[in-house]
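Enquirer: My structure is below; once you've seen it, I'll send some questions.
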Amino acid sequence: MVQVARLLGRPTPQLDRAELIQCVRQLLDRRQQFLALSRERASPLYVLDTAALLDRARQFLQAFAGVLPKVGVFYAVKCNNHPLLVSALARNGFGLDVSSGLELALALDCDARQIVFSGPGKTDNELEMAVQHAGHVTVLLDSFAELDKLERQAAKFNVRVRAGIRVTTVESGIWRKFGIPLDQLAAFFTRARSCRYVHLCGIQFHLSWNLNARAHVRFITRLGGVLREFKARRRERIEFIDIGGGYWPSQGEWLQAEATPLGKLRQALGRPTDNDHRHYRLPAASITEFAEQIAAALQQHLPGGMNYTVYAEPGRWLCHDAMHILLRVLDRKSESLVITDGGINAVGWERYEHDYFPVINLSRPGLEERECLVAGSLCTPHDIWGYNYFGDDIQPGDVLLVPFQGAYTYSLKQEFIKPLPRSVELASAAAEVLPQDALVAGTGEV
Ligand SMILES: Cc1ncc(COP(=O)(O)O)c(C=O)c1O
């Protein structure tokens, strides 16, 4: 038993009840606004909150700009590619990080002025599109072969293209598919010297799913070791270091029992966690802490005399609370089982078996959380929104809110069995946002 406990590490802390109630209370304060949308439109609905998105983007930018001399924020479109969200950011001067021709076309449609194009396996057509918009696009190369491919495309149009190279952060297992190993970075810069059209001037890395800046700091330490070996003249050519995304929102990761180490062990032992409806929380650092620690690591580990802009590619941190889902109860099969009109095809995966979000009954508001399987109407038992709801009761016709569904849901939605929700924007005064240009002014970039 002691050994099992050691294997599991420290038990996952439970989500603080007072914090949860406070969060539900704040959402209930906007109840009439949500109910009006549900009355006016069909159900289910994606409810988009561009003001919240812009507010987050501004906070993110200010956190990093407060500790670094030059910063560029590029929203990772893959996180939520809803055109309303993407265009709100582009209109307000934020850059976009795209990972395919489809996303690049969307970014160009939204008139984004600064775009980084990353991702493995870019096709000739995709690179051609980047070349044709070279005034706005920096290509983040993924391999030596891609460097040659981009050089050929750029030569065809006689256009000089700005580029960076992605370096691998984990050199074994599935993550090694991204970028080149750090020990090939010098050779890559040497190879790029012979390119007439590709202007290699940056380095990108990305670390996924971080509750704090430790992984960033570790990788920056390694990168610094490699850059110290570069000749000073080569280092001077580096105009940007792109530190990628992966910053967890500061409310932390909210989990169902099944997603905790103990829950996983119970599953493996054939003792399912269906009767454990407690909620758990992995704490996350604030964005200020992320920014301070990353800036300190860059300052400490990268060689002096370099003059680069730090690019960041946040996805989740910006759009976690920029979209909510509204559902209606269609059927009440018992006190502890209801079926809703929306299925998890709206989010594209079995999210709520692992991740916890409060399901809030807006029609019968209450701060007590009651046990009830809130299922969707797809023909799969995994179509679950949650195991509880907040409210005084639950009946057919009730409107349910599943909040904070901005990240990795809409862009993963599936045409599966039932129609997808319609989208509607939450009306509010557009947040006044400091244009990003004000903070990267003078860099003359992109
Ligand atoms: C290259 C790159 N940048 C940025 C992101 C955004 O990450 P997050 O949404 O966790 O901030 C991702 C996500 O997979 C990514 O692959």
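Identifiers in this document derive from the order of the structure tokens: chains are assigned A, B, ..., residues are numbered from 1 separately in each chain, and ligands are numbered from 1 in order of occurrence.
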Please provide as an MDAnalysis selection string all residues within 9 Å of region 162-166 of chain A, with the sequence filter that same-chain residues fewer than 5 positions apart are discarded (counting only C-alpha atoms).
Expert: chainID A and resid 116 118:119 134:135 137:143 147 178:181 185 188:189 197:206 238 240:242 446
Enquirer: All residues within 6 Å of ligand 1 are required, counting only C-alpha atoms and all ligand atoms; please report them as a PyMOL selection string.
Expert: chain A and resi 76+79+206+208-209+244-247+313-317
Enquirer: Would you save the residues of that selection, restricted to C-alpha atoms, as an mmCIF file, in the first residue's frame?
Expert:
data_model
loop_
_atom_site.group_PDB
_atom_site.id
_atom_site.type_symbol
_atom_site.label_atom_id
_atom_site.label_comp_id
_atom_site.auth_asym_id
_atom_site.auth_seq_id
_atom_site.Cartn_x
_atom_site.Cartn_y
_atom_site.Cartn_z
ATOM 1 C CA ALA A 76 -2.840 29.782 -31.636
ATOM 2 C CA CYS A 79 -7.290 26.257 -30.017
ATOM 3 C CA HIS A 206 6.565 24.754 -27.912
ATOM 4 C CA SER A 208 2.230 21.696 -24.157
ATOM 5 C CA TRP A 209 0.008 21.762 -21.098
ATOM 6 C CA GLY A 244 5.195 28.723 -28.129
ATOM 7 C CA GLY A 245 2.039 28.243 -26.057
ATOM 8 C CA GLY A 246 0.982 25.827 -23.318
ATOM 9 C CA TYR A 247 0.142 28.222 -20.437
ATOM 10 C CA GLU A 313 1.652 31.536 -29.071
ATOM 11 C CA PRO A 314 -1.001 31.219 -26.353
ATOM 12 C CA GLY A 315 -4.186 29.379 -27.226
ATOM 13 C CA ARG A 316 -5.942 28.026 -24.144
ATOM 14 C CA TRP A 317 -4.950 30.919 -21.885
#
Enquirer: To test your reading of the structure, identify every residue in region 187-221 of chain A that backbone DSSP assigns to strand (DSSP E), and report it as an NGL selection string.
Expert: :A and (198-204)
Enquirer: In terms of the shortest atom-to-atom distance over only C-alpha atoms, which of A:Thr168, A:Asn361, A:Thr50, A:Gln256 is closest to His320 (chain A)?
Expert: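 Looking only at the distances to His320 (chain A), the closest residue turns out to be A:Thr50.
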Enquirer: Can you pull out the residues contacting Ser334 (chain A)? Cut-off 12 Å, using only C-alpha atoms, and skip same-chain residues under 4 positions away; I want them as a list in words.
Expert: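 Here the qualifying residues turn out to be Val338, Ile339, Glu371, Cys372, Leu373, Val374, Asp393, Ile394, Gln395 and Pro396 of chain A.
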Enquirer: Write out, as a PDB file, in the first residue's frame, the residues just selected, with C-alpha atoms.
Expert:
ATOM      1  CA  VAL A 338     -31.494  13.730 -17.863  1.00  0.00           C
ATOM      2  CA  ILE A 339     -30.907  13.879 -21.618  1.00  0.00           C
ATOM      3  CA  GLU A 371     -26.016  14.427  -8.334  1.00  0.00           C
ATOM      4  CA  CYS A 372     -27.500  13.682 -11.742  1.00  0.00           C
ATOM      5  CA  LEU A 373     -26.087  12.198 -14.917  1.00  0.00           C
ATOM      6  CA  VAL A 374     -26.415  14.977 -17.478  1.00  0.00           C
ATOM      7  CA  ASP A 393     -34.302  20.965  -9.636  1.00  0.00           C
ATOM      8  CA  ILE A 394     -34.057  19.856 -13.248  1.00  0.00           C
ATOM      9  CA  GLN A 395     -36.967  19.410 -15.675  1.00  0.00           C
ATOM     10  CA  PRO A 396     -37.562  19.117 -19.440  1.00  0.00           C
TER      11      PRO A 396
END
Enquirer: Have a look at CA of Gln22 (chain A) and CA of Ala57 (chain A) and let me know their distance in Å, one decimal.
Expert: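 CA of Gln22 (chain A) sits 23.6 Å away from CA of Ala57 (chain A).
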Enquirer: May I have the residues within 7 Å of Asn80 (chain A) as a ChimeraX atom specification, using only C-alpha atoms and disregarding those fewer than 2 positions away in the same chain?
Expert: /A:77-78,82,406-408,410-411
Enquirer: Could you save those same residues with C-alpha atoms as a JSON list (two decimals), in the first residue's frame?
Expert:
[["chain", "number", "residue", "atom", "x", "y", "z"],
["A", 77, "VAL", "CA", -5.83, 29.47, -34.00],
["A", 78, "LYS", "CA", -6.04, 25.68, -33.56],
["A", 82, "HIS", "CA", -14.24, 30.44, -34.65],
["A", 406, "GLY", "CA", -13.39, 28.02, -25.38],
["A", 407, "ALA", "CA", -10.31, 25.80, -25.67],
["A", 408, "TYR", "CA", -10.04, 22.74, -27.90],
["A", 410, "TYR", "CA", -15.17, 24.24, -31.23],
["A", 411, "SER", "CA", -12.17, 23.45, -33.44]]
